[in-house]
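Working notes, structure below.
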Amino acid sequence: MVSEMSNAQEKQLIYHYLSEISDPEIPVINIVEMGVVRDVLFHNLKLEIRLTPTYSGCPAMDMIGHLVREKLQSKGYDSVEITLVYKPAWTTDWMSAETKEKLRVYGIAPPVGTATSKKGLLNEDSVSCPQCGSKNTEIKSMFGSTACKALYLCKDCLEPFDYFKCI
Amino acid sequence: MRLGDSCLIMAHRQSEMCSKGPFLEEDIAQTNLGLDLLGQAEALLIYAAELEGKGRVADDLVYKRPERDFYNFMLTEQPNTDFAFAVVRQFIMALYLGKVYETLAKVDDDTLSGIATKAVKEITYHQLHLGMWVKRLGDGTQESHERVQTAVNELWMFVGELYEEDELDLKMQEAGYTISGNKMKAYLTAKISAHLTEATLSVPEAVYMTTGSKKGIHTEYLGYILAEMQYLQRAYPDAKW
C-alpha cells in the first residue's frame, strides 16, 4: 500500500486493479466495464468493495468476490470486505459503447437500446448478428448459456449466437 | 420470510426440471427461471434472518426448519406432474410476484426495495416466457390443450391463498408494503382470465380454495421437497463445502 497517495488517487488505482479481473463468464470484459463494481470505500485499515449482481441468482457472483479478494491481497490489501448492494439495480445501460463493441467482436450480440425503453427486453428491436451483421435474425430461446443472455439464430449466415439481454 | 420461502420452493421445483424439459433450450430456460428465483430467495432470506435477529443465517432457515415452519404458498410446492403443470404454476406465481415486487420496489427500505427493483426485471421476463408457453400449449394440439387445461383446473384451488389476508398482511398493507387482498384478487383474476381466454383455455369455475400455508400448513408434497433439500444438513449437521 502506498500511503502518501490521496484517497481519490488510491481509489483510482484500486479501480485499475479491479479492471484487470475479467468477468468469469465473458472473459473479454472486465468487472468494472460490466458495471458490477459499484464503489470502493476506505474504512481505516479496511477496504470495502461494493459489488452488485447482474442477476439475483448470478452464479458468477461468489467467484467475482473471490477474485477481487485475491487480486487486492496480491497488491497488499489484507483486509478487504465485500458487500453486495442491490440498489440501484444493475442495468445493461451502464455498459459503454466500447464495452458493447468488445462483446460483439467476441461473438455476443450486445444489448439493443436502453433498458428504460423495455424494447430490447421484449425483443421488439431487431438484433444484429455479431458474425455477419445481418438484421435477419430470430430468437431461438429466451434463455441462453447464462442468465443474462438469450439464444438467437442468424437466418443469413445460419450461425446461432448469444444476445446479451437488455435489462 | 414468506416471500423468500415461496421463491425457494419454486426454485427447487424448477431445478427438478433440469434434464426434463421438452427440448434442450427449454431445459435451460426452465432451470434459468429457477436460478433467478433462487437468487431472489437467497437475498430475501438473508435479510429475513437479519431482521429476525435470533442469530440464524439464511442457511439455517433453509436447512434447519421443519415443514410447519415453512410459509411458502401451497401452489409453489405442487409437483411437476408434467410440463404443463410446471408452466401453469410458474406463470400464475410470476404474475403474483410481479405485483408484489412492484409494490416492494417503492417502499422506504433500501434493502427490500433494492431486491424488488432487481427482481421485477427478472419476473417480467418470466411472465413473457411462461405466458408464451401457456398460449403455445393451449392453442397447440388437442393433447397439449387438454394437458394444460388439466393443469389449470387442478392447480386452481391453490390460487386463493395468493390473495388471502391474515393479521400480518393487514399490518403490511397499512405500512404500504403490500396491496390489499381484494386488489390482488382483482388483478390476478383479470390477468389470468384474459390470458387463458387468449390461449383458448377456459377459466375454471369458482372452487373451494385450499389455504393454510401462512400458518405452516402444507400439502403432502412439501415434506418430500424438504427431505431431499435438507438431507445433507440433517445427516451431517453444519457440513461445509
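Numbering starts fresh at 1 for the residues of each chain in the C-alpha cells, the chains themselves are lettered A, B, ... in the order given, and ligands are numbered from 1 as they appear.
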Check your understanding: Near B:Leu44, within 12 Å and counting only C-alpha atoms, which residues show up once chain neighbours fewer than 5 positions away are dropped, as a ChimeraX atom specification?
Key -> /A:56-57,86 /B:1-8,37-39,49-51,57-59,61-62,101,104,111-116,119
Write out the residues from the selection above, keeping N, CA and C atoms, as a PDB file, in the first residue's frame.
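Output saved as again_24.pdb:
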```
ATOM      1  N   SER A  56     -30.126 -11.679  -9.815  1.00  0.00           N
ATOM      2  CA  SER A  56     -30.186 -12.100  -8.415  1.00  0.00           C
ATOM      3  C   SER A  56     -29.448 -13.415  -8.187  1.00  0.00           C
ATOM      4  N   GLY A  57     -29.633 -14.340  -9.132  1.00  0.00           N
ATOM      5  CA  GLY A  57     -29.048 -15.654  -8.914  1.00  0.00           C
ATOM      6  C   GLY A  57     -27.765 -15.885  -9.686  1.00  0.00           C
ATOM      7  N   TYR A  86     -27.911  -3.860  -3.870  1.00  0.00           N
ATOM      8  CA  TYR A  86     -28.923  -4.166  -4.873  1.00  0.00           C
ATOM      9  C   TYR A  86     -29.487  -2.896  -5.514  1.00  0.00           C
TER      10      TYR A  86
ATOM     11  N   MET B   1     -39.954 -13.383   4.877  1.00  0.00           N
ATOM     12  CA  MET B   1     -39.707 -14.817   5.041  1.00  0.00           C
ATOM     13  C   MET B   1     -40.672 -15.631   4.184  1.00  0.00           C
ATOM     14  N   ARG B   2     -41.960 -15.212   4.181  1.00  0.00           N
ATOM     15  CA  ARG B   2     -42.949 -15.921   3.366  1.00  0.00           C
ATOM     16  C   ARG B   2     -42.564 -15.863   1.903  1.00  0.00           C
ATOM     17  N   LEU B   3     -42.208 -14.660   1.479  1.00  0.00           N
ATOM     18  CA  LEU B   3     -41.862 -14.462   0.080  1.00  0.00           C
ATOM     19  C   LEU B   3     -40.607 -15.264  -0.260  1.00  0.00           C
ATOM     20  N   GLY B   4     -39.637 -15.209   0.632  1.00  0.00           N
ATOM     21  CA  GLY B   4     -38.394 -15.950   0.430  1.00  0.00           C
ATOM     22  C   GLY B   4     -38.666 -17.441   0.341  1.00  0.00           C
ATOM     23  N   ASP B   5     -39.535 -17.952   1.197  1.00  0.00           N
ATOM     24  CA  ASP B   5     -39.871 -19.371   1.173  1.00  0.00           C
ATOM     25  C   ASP B   5     -40.520 -19.762  -0.148  1.00  0.00           C
ATOM     26  N   SER B   6     -41.442 -18.934  -0.620  1.00  0.00           N
ATOM     27  CA  SER B   6     -42.104 -19.256  -1.885  1.00  0.00           C
ATOM     28  C   SER B   6     -41.085 -19.319  -3.018  1.00  0.00           C
ATOM     29  N   CYS B   7     -40.177 -18.346  -3.046  1.00  0.00           N
ATOM     30  CA  CYS B   7     -39.157 -18.324  -4.097  1.00  0.00           C
ATOM     31  C   CYS B   7     -38.265 -19.552  -3.996  1.00  0.00           C
ATOM     32  N   LEU B   8     -37.905 -19.905  -2.768  1.00  0.00           N
ATOM     33  CA  LEU B   8     -37.018 -21.044  -2.544  1.00  0.00           C
ATOM     34  C   LEU B   8     -37.636 -22.343  -3.041  1.00  0.00           C
ATOM     35  N   LEU B  37     -35.047 -17.306  -9.323  1.00  0.00           N
ATOM     36  CA  LEU B  37     -35.838 -17.430  -8.094  1.00  0.00           C
ATOM     37  C   LEU B  37     -34.961 -17.766  -6.894  1.00  0.00           C
ATOM     38  N   LEU B  38     -33.943 -18.579  -7.134  1.00  0.00           N
ATOM     39  CA  LEU B  38     -33.043 -18.942  -6.047  1.00  0.00           C
ATOM     40  C   LEU B  38     -32.281 -17.700  -5.574  1.00  0.00           C
ATOM     41  N   GLY B  39     -31.879 -16.880  -6.525  1.00  0.00           N
ATOM     42  CA  GLY B  39     -31.189 -15.638  -6.178  1.00  0.00           C
ATOM     43  C   GLY B  39     -32.078 -14.731  -5.353  1.00  0.00           C
ATOM     44  N   ALA B  49     -33.370 -13.295   7.947  1.00  0.00           N
ATOM     45  CA  ALA B  49     -32.589 -13.792   9.090  1.00  0.00           C
ATOM     46  C   ALA B  49     -32.011 -12.624   9.885  1.00  0.00           C
ATOM     47  N   GLU B  50     -31.587 -11.596   9.147  1.00  0.00           N
ATOM     48  CA  GLU B  50     -31.010 -10.411   9.798  1.00  0.00           C
ATOM     49  C   GLU B  50     -32.070  -9.684  10.625  1.00  0.00           C
ATOM     50  N   LEU B  51     -33.260  -9.503  10.046  1.00  0.00           N
ATOM     51  CA  LEU B  51     -34.339  -8.798  10.747  1.00  0.00           C
ATOM     52  C   LEU B  51     -34.812  -9.578  11.965  1.00  0.00           C
ATOM     53  N   VAL B  57     -28.760 -17.665  10.299  1.00  0.00           N
ATOM     54  CA  VAL B  57     -28.421 -17.134   8.980  1.00  0.00           C
ATOM     55  C   VAL B  57     -29.335 -17.817   7.961  1.00  0.00           C
ATOM     56  N   ALA B  58     -29.277 -17.322   6.711  1.00  0.00           N
ATOM     57  CA  ALA B  58     -30.176 -17.839   5.675  1.00  0.00           C
ATOM     58  C   ALA B  58     -30.102 -19.361   5.552  1.00  0.00           C
ATOM     59  N   ASP B  59     -28.905 -19.913   5.634  1.00  0.00           N
ATOM     60  CA  ASP B  59     -28.762 -21.367   5.522  1.00  0.00           C
ATOM     61  C   ASP B  59     -29.513 -22.100   6.629  1.00  0.00           C
ATOM     62  N   LEU B  61     -32.231 -21.071   8.013  1.00  0.00           N
ATOM     63  CA  LEU B  61     -33.650 -21.002   7.660  1.00  0.00           C
ATOM     64  C   LEU B  61     -33.990 -22.053   6.615  1.00  0.00           C
ATOM     65  N   VAL B  62     -33.100 -22.238   5.668  1.00  0.00           N
ATOM     66  CA  VAL B  62     -33.373 -23.163   4.569  1.00  0.00           C
ATOM     67  C   VAL B  62     -33.244 -24.618   5.017  1.00  0.00           C
ATOM     68  N   TYR B 101     -43.433  -7.481  -6.084  1.00  0.00           N
ATOM     69  CA  TYR B 101     -42.160  -6.773  -6.220  1.00  0.00           C
ATOM     70  C   TYR B 101     -42.368  -5.317  -6.641  1.00  0.00           C
ATOM     71  N   LEU B 104     -43.148  -3.571  -3.518  1.00  0.00           N
ATOM     72  CA  LEU B 104     -41.986  -3.502  -2.629  1.00  0.00           C
ATOM     73  C   LEU B 104     -40.892  -2.574  -3.169  1.00  0.00           C
ATOM     74  N   THR B 111     -32.894  -2.086   1.404  1.00  0.00           N
ATOM     75  CA  THR B 111     -32.589  -3.478   1.066  1.00  0.00           C
ATOM     76  C   THR B 111     -33.739  -4.102   0.311  1.00  0.00           C
ATOM     77  N   LEU B 112     -34.929  -3.979   0.878  1.00  0.00           N
ATOM     78  CA  LEU B 112     -36.103  -4.594   0.286  1.00  0.00           C
ATOM     79  C   LEU B 112     -36.425  -4.000  -1.086  1.00  0.00           C
ATOM     80  N   SER B 113     -36.381  -2.679  -1.176  1.00  0.00           N
ATOM     81  CA  SER B 113     -36.722  -2.073  -2.458  1.00  0.00           C
ATOM     82  C   SER B 113     -35.643  -2.394  -3.490  1.00  0.00           C
ATOM     83  N   GLY B 114     -34.409  -2.555  -3.015  1.00  0.00           N
ATOM     84  CA  GLY B 114     -33.324  -2.923  -3.936  1.00  0.00           C
ATOM     85  C   GLY B 114     -33.538  -4.315  -4.510  1.00  0.00           C
ATOM     86  N   ILE B 115     -33.846  -5.263  -3.636  1.00  0.00           N
ATOM     87  CA  ILE B 115     -34.090  -6.640  -4.082  1.00  0.00           C
ATOM     88  C   ILE B 115     -35.263  -6.647  -5.070  1.00  0.00           C
ATOM     89  N   ALA B 116     -36.320  -5.898  -4.706  1.00  0.00           N
ATOM     90  CA  ALA B 116     -37.534  -5.902  -5.526  1.00  0.00           C
ATOM     91  C   ALA B 116     -37.311  -5.252  -6.891  1.00  0.00           C
ATOM     92  N   ALA B 119     -35.602  -7.790  -8.897  1.00  0.00           N
ATOM     93  CA  ALA B 119     -36.427  -8.965  -9.161  1.00  0.00           C
ATOM     94  C   ALA B 119     -37.540  -8.660 -10.154  1.00  0.00           C
TER      95      ALA B 119
END
```
Exercise for review: Do me a favour and pick out the residues of chain A within 10 Å of chain B, using only C-alpha atoms, as a PyMOL selection string.
Suggested key: chain A and resi 53-59+84-91+115+118+121-122+140-148+150-151+167
Export of prior selection with C-alpha atoms as a JSON list (two decimals), in the first residue's frame:
```json
[["chain", "number", "residue", "atom", "x", "y", "z"],
["A", 53, "PRO", "CA", -25.09, -8.80, -9.03],
["A", 54, "THR", "CA", -26.15, -8.69, -12.69],
["A", 55, "TYR", "CA", -28.97, -11.12, -11.90],
["A", 56, "SER", "CA", -30.19, -12.10, -8.42],
["A", 57, "GLY", "CA", -29.05, -15.65, -8.91],
["A", 58, "CYS", "CA", -25.91, -14.95, -10.94],
["A", 59, "PRO", "CA", -23.63, -17.88, -10.07],
["A", 84, "LEU", "CA", -23.46, -6.76, -2.08],
["A", 85, "VAL", "CA", -25.65, -3.83, -2.99],
["A", 86, "TYR", "CA", -28.92, -4.17, -4.87],
["A", 87, "LYS", "CA", -29.74, -0.53, -5.38],
["A", 88, "PRO", "CA", -29.63, 0.83, -7.98],
["A", 89, "ALA", "CA", -30.39, -2.41, -9.79],
["A", 90, "TRP", "CA", -27.82, -3.41, -12.37],
["A", 91, "THR", "CA", -28.67, -2.46, -15.91],
["A", 115, "ALA", "CA", -33.45, -0.71, -20.55],
["A", 118, "LYS", "CA", -38.12, -2.03, -22.48],
["A", 121, "LEU", "CA", -36.29, -6.96, -23.40],
["A", 122, "LEU", "CA", -39.44, -7.54, -25.35],
["A", 140, "LYS", "CA", -34.49, -19.37, -30.67],
["A", 141, "SER", "CA", -34.82, -19.35, -26.93],
["A", 142, "MET", "CA", -35.41, -16.57, -24.43],
["A", 143, "PHE", "CA", -32.74, -18.13, -22.24],
["A", 144, "GLY", "CA", -29.17, -18.74, -23.35],
["A", 145, "SER", "CA", -25.98, -20.10, -21.86],
["A", 146, "THR", "CA", -26.13, -17.76, -18.87],
["A", 147, "ALA", "CA", -28.94, -15.90, -17.11],
["A", 148, "CYS", "CA", -28.03, -12.67, -18.88],
["A", 150, "ALA", "CA", -30.81, -15.26, -24.93],
["A", 151, "LEU", "CA", -30.19, -17.58, -27.88],
["A", 167, "ILE", "CA", -32.38, -5.10, -18.75]]
```
Write out as an mmCIF file with C-alpha atoms, in the first residue's frame each polymer residue whose atoms come within 12 Å of B:Leu168, counting only C-alpha atoms; drop sequence neighbours fewer than 2 positions from it.
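And here is the file that came out, selection_31.cif:
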```
data_model
loop_
_atom_site.group_PDB
_atom_site.id
_atom_site.type_symbol
_atom_site.label_atom_id
_atom_site.label_comp_id
_atom_site.auth_asym_id
_atom_site.auth_seq_id
_atom_site.Cartn_x
_atom_site.Cartn_y
_atom_site.Cartn_z
ATOM 1 C CA MET B 1 -39.707 -14.817 5.041
ATOM 2 C CA ARG B 2 -42.949 -15.921 3.366
ATOM 3 C CA GLU B 164 -55.900 -14.381 1.365
ATOM 4 C CA GLU B 165 -55.150 -11.970 4.215
ATOM 5 C CA ASP B 166 -54.085 -12.532 7.788
ATOM 6 C CA LEU B 170 -53.081 -6.197 7.156
ATOM 7 C CA LYS B 171 -50.169 -4.684 9.071
ATOM 8 C CA MET B 172 -48.038 -4.778 5.947
ATOM 9 C CA GLN B 173 -50.815 -3.119 3.973
ATOM 10 C CA GLU B 174 -51.021 -0.322 6.476
ATOM 11 C CA ALA B 175 -47.293 0.238 6.136
ATOM 12 C CA TYR B 177 -45.607 -2.968 1.852
ATOM 13 C CA THR B 178 -48.351 -4.879 0.115
ATOM 14 C CA SER B 180 -54.936 -5.486 -0.315
ATOM 15 C CA LYS B 214 -49.419 -18.788 6.221
ATOM 16 C CA LYS B 215 -49.874 -20.940 9.335
#
```
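Within the 8 Å cut-off around A:Lys102, using only C-alpha atoms and omitting residues fewer than 3 positions from it on the same chain, the listed residues are A:Val28, A:Ile29, A:Glu98, A:Thr99, A:Val105, A:Tyr106.
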B:Leu232: which residues within 9 Å, counting only C-alpha atoms, same-chain residues fewer than 6 positions away excluded, as a PDB file with N, CA and C atoms, in the first residue's frame?
```
ATOM      1  N   TYR B  63     -32.186 -24.926   5.740  1.00  0.00           N
ATOM      2  CA  TYR B  63     -31.866 -26.329   6.005  1.00  0.00           C
ATOM      3  C   TYR B  63     -32.320 -26.859   7.359  1.00  0.00           C
ATOM      4  N   ASP B 238     -24.125 -29.021   9.850  1.00  0.00           N
ATOM      5  CA  ASP B 238     -23.103 -27.994   9.636  1.00  0.00           C
ATOM      6  C   ASP B 238     -21.980 -28.413   8.695  1.00  0.00           C
ATOM      7  N   ALA B 239     -22.250 -29.413   7.868  1.00  0.00           N
ATOM      8  CA  ALA B 239     -21.251 -29.791   6.858  1.00  0.00           C
ATOM      9  C   ALA B 239     -21.009 -28.599   5.945  1.00  0.00           C
TER      10      ALA B 239
END
```
Exercise for review: Name all residues at most 9 Å from A:Gly35 (count only C-alpha atoms; drop same-chain ones fewer than 4 positions away) and give them as a PyMOL selection string.
Suggested key: chain A and resi 30-31+51-52+54+90-92+94-95
Got time to write the residues from that selection, C-alpha atoms, as an mmCIF file, in the first residue's frame?
```cif
data_model
loop_
_atom_site.group_PDB
_atom_site.id
_atom_site.type_symbol
_atom_site.label_atom_id
_atom_site.label_comp_id
_atom_site.auth_asym_id
_atom_site.auth_seq_id
_atom_site.Cartn_x
_atom_site.Cartn_y
_atom_site.Cartn_z
ATOM 1 C CA ASN A 30 -13.676 -6.866 -17.034
ATOM 2 C CA ILE A 31 -15.862 -6.475 -13.960
ATOM 3 C CA LEU A 51 -20.484 -5.146 -5.842
ATOM 4 C CA THR A 52 -23.888 -5.571 -7.443
ATOM 5 C CA THR A 54 -26.150 -8.695 -12.690
ATOM 6 C CA TRP A 90 -27.822 -3.412 -12.374
ATOM 7 C CA THR A 91 -28.669 -2.457 -15.915
ATOM 8 C CA THR A 92 -27.064 -3.049 -19.279
ATOM 9 C CA TRP A 94 -24.123 1.033 -17.708
ATOM 10 C CA MET A 95 -22.114 -0.613 -20.466
#
```
Point to revise | One-decimal distance in Å that lies between atom CA of B:Asp169 and atom CA of B:Ala190 | key: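 So the two atoms, atom CA of B:Ala190 and atom CA of B:Asp169, lie 21.8 Å apart.
Looking only at stretch 11-86 of chain A, the set that DSSP places in alpha helix (DSSP H) from backbone geometry is Lys11, Gln12, Leu13, Ile14, Tyr15, His16, Tyr17, Leu18, Ala60, Met61, Asp62, Met63, Ile64, Gly65, His66, Leu67, Val68, Arg69, Glu70, Lys71, Leu72, Gln73 and Ser74 of chain A.
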Practice item. List the neighbours of A:Lys149 out to 10 Å using only C-alpha atoms; skip same-chain residues closer than 5 positions along the sequence, and give me the result as a PyMOL selection string. Key: chain A and resi 108-111+141-144+161-166
Taking C-alpha atoms for each residue, export the selection above as a PDB file, in the first residue's frame.
```pdb
ATOM      1  CA  ILE A 108     -22.145 -11.917 -28.353  1.00  0.00           C
ATOM      2  CA  ALA A 109     -24.721  -9.507 -29.728  1.00  0.00           C
ATOM      3  CA  PRO A 110     -24.727  -6.526 -27.327  1.00  0.00           C
ATOM      4  CA  PRO A 111     -27.972  -5.253 -25.773  1.00  0.00           C
ATOM      5  CA  SER A 141     -34.823 -19.351 -26.928  1.00  0.00           C
ATOM      6  CA  MET A 142     -35.407 -16.571 -24.426  1.00  0.00           C
ATOM      7  CA  PHE A 143     -32.737 -18.132 -22.239  1.00  0.00           C
ATOM      8  CA  GLY A 144     -29.168 -18.744 -23.355  1.00  0.00           C
ATOM      9  CA  PHE A 161     -25.362 -16.632 -31.304  1.00  0.00           C
ATOM     10  CA  ASP A 162     -25.921 -15.267 -27.809  1.00  0.00           C
ATOM     11  CA  TYR A 163     -27.711 -11.960 -27.334  1.00  0.00           C
ATOM     12  CA  PHE A 164     -26.989 -10.001 -24.189  1.00  0.00           C
ATOM     13  CA  LYS A 165     -30.468  -9.197 -22.891  1.00  0.00           C
ATOM     14  CA  CYS A 166     -31.218  -5.556 -22.318  1.00  0.00           C
TER      15      CYS A 166
END
```
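Atom pair atom CA of A:Leu41 / atom CA of A:Ile64: separated by 17.6 Å.
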Exercise for review: Considering only C-alpha atoms, state which residue in the set B:Glu102, B:Asp109, B:Glu154, B:Asp139 is at the smallest distance from B:Arg89.
Suggested key: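 Of all the options, B:Glu154 lies closest to B:Arg89.
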Exercise for review: Apply DSSP to the structure's backbone, then extract all residues of chain A labelled strand (DSSP E) and return them as a PyMOL selection string.
Suggested key: chain A and resi 37-43+46-51+80-84+108-109+137-141+149-154+160-164
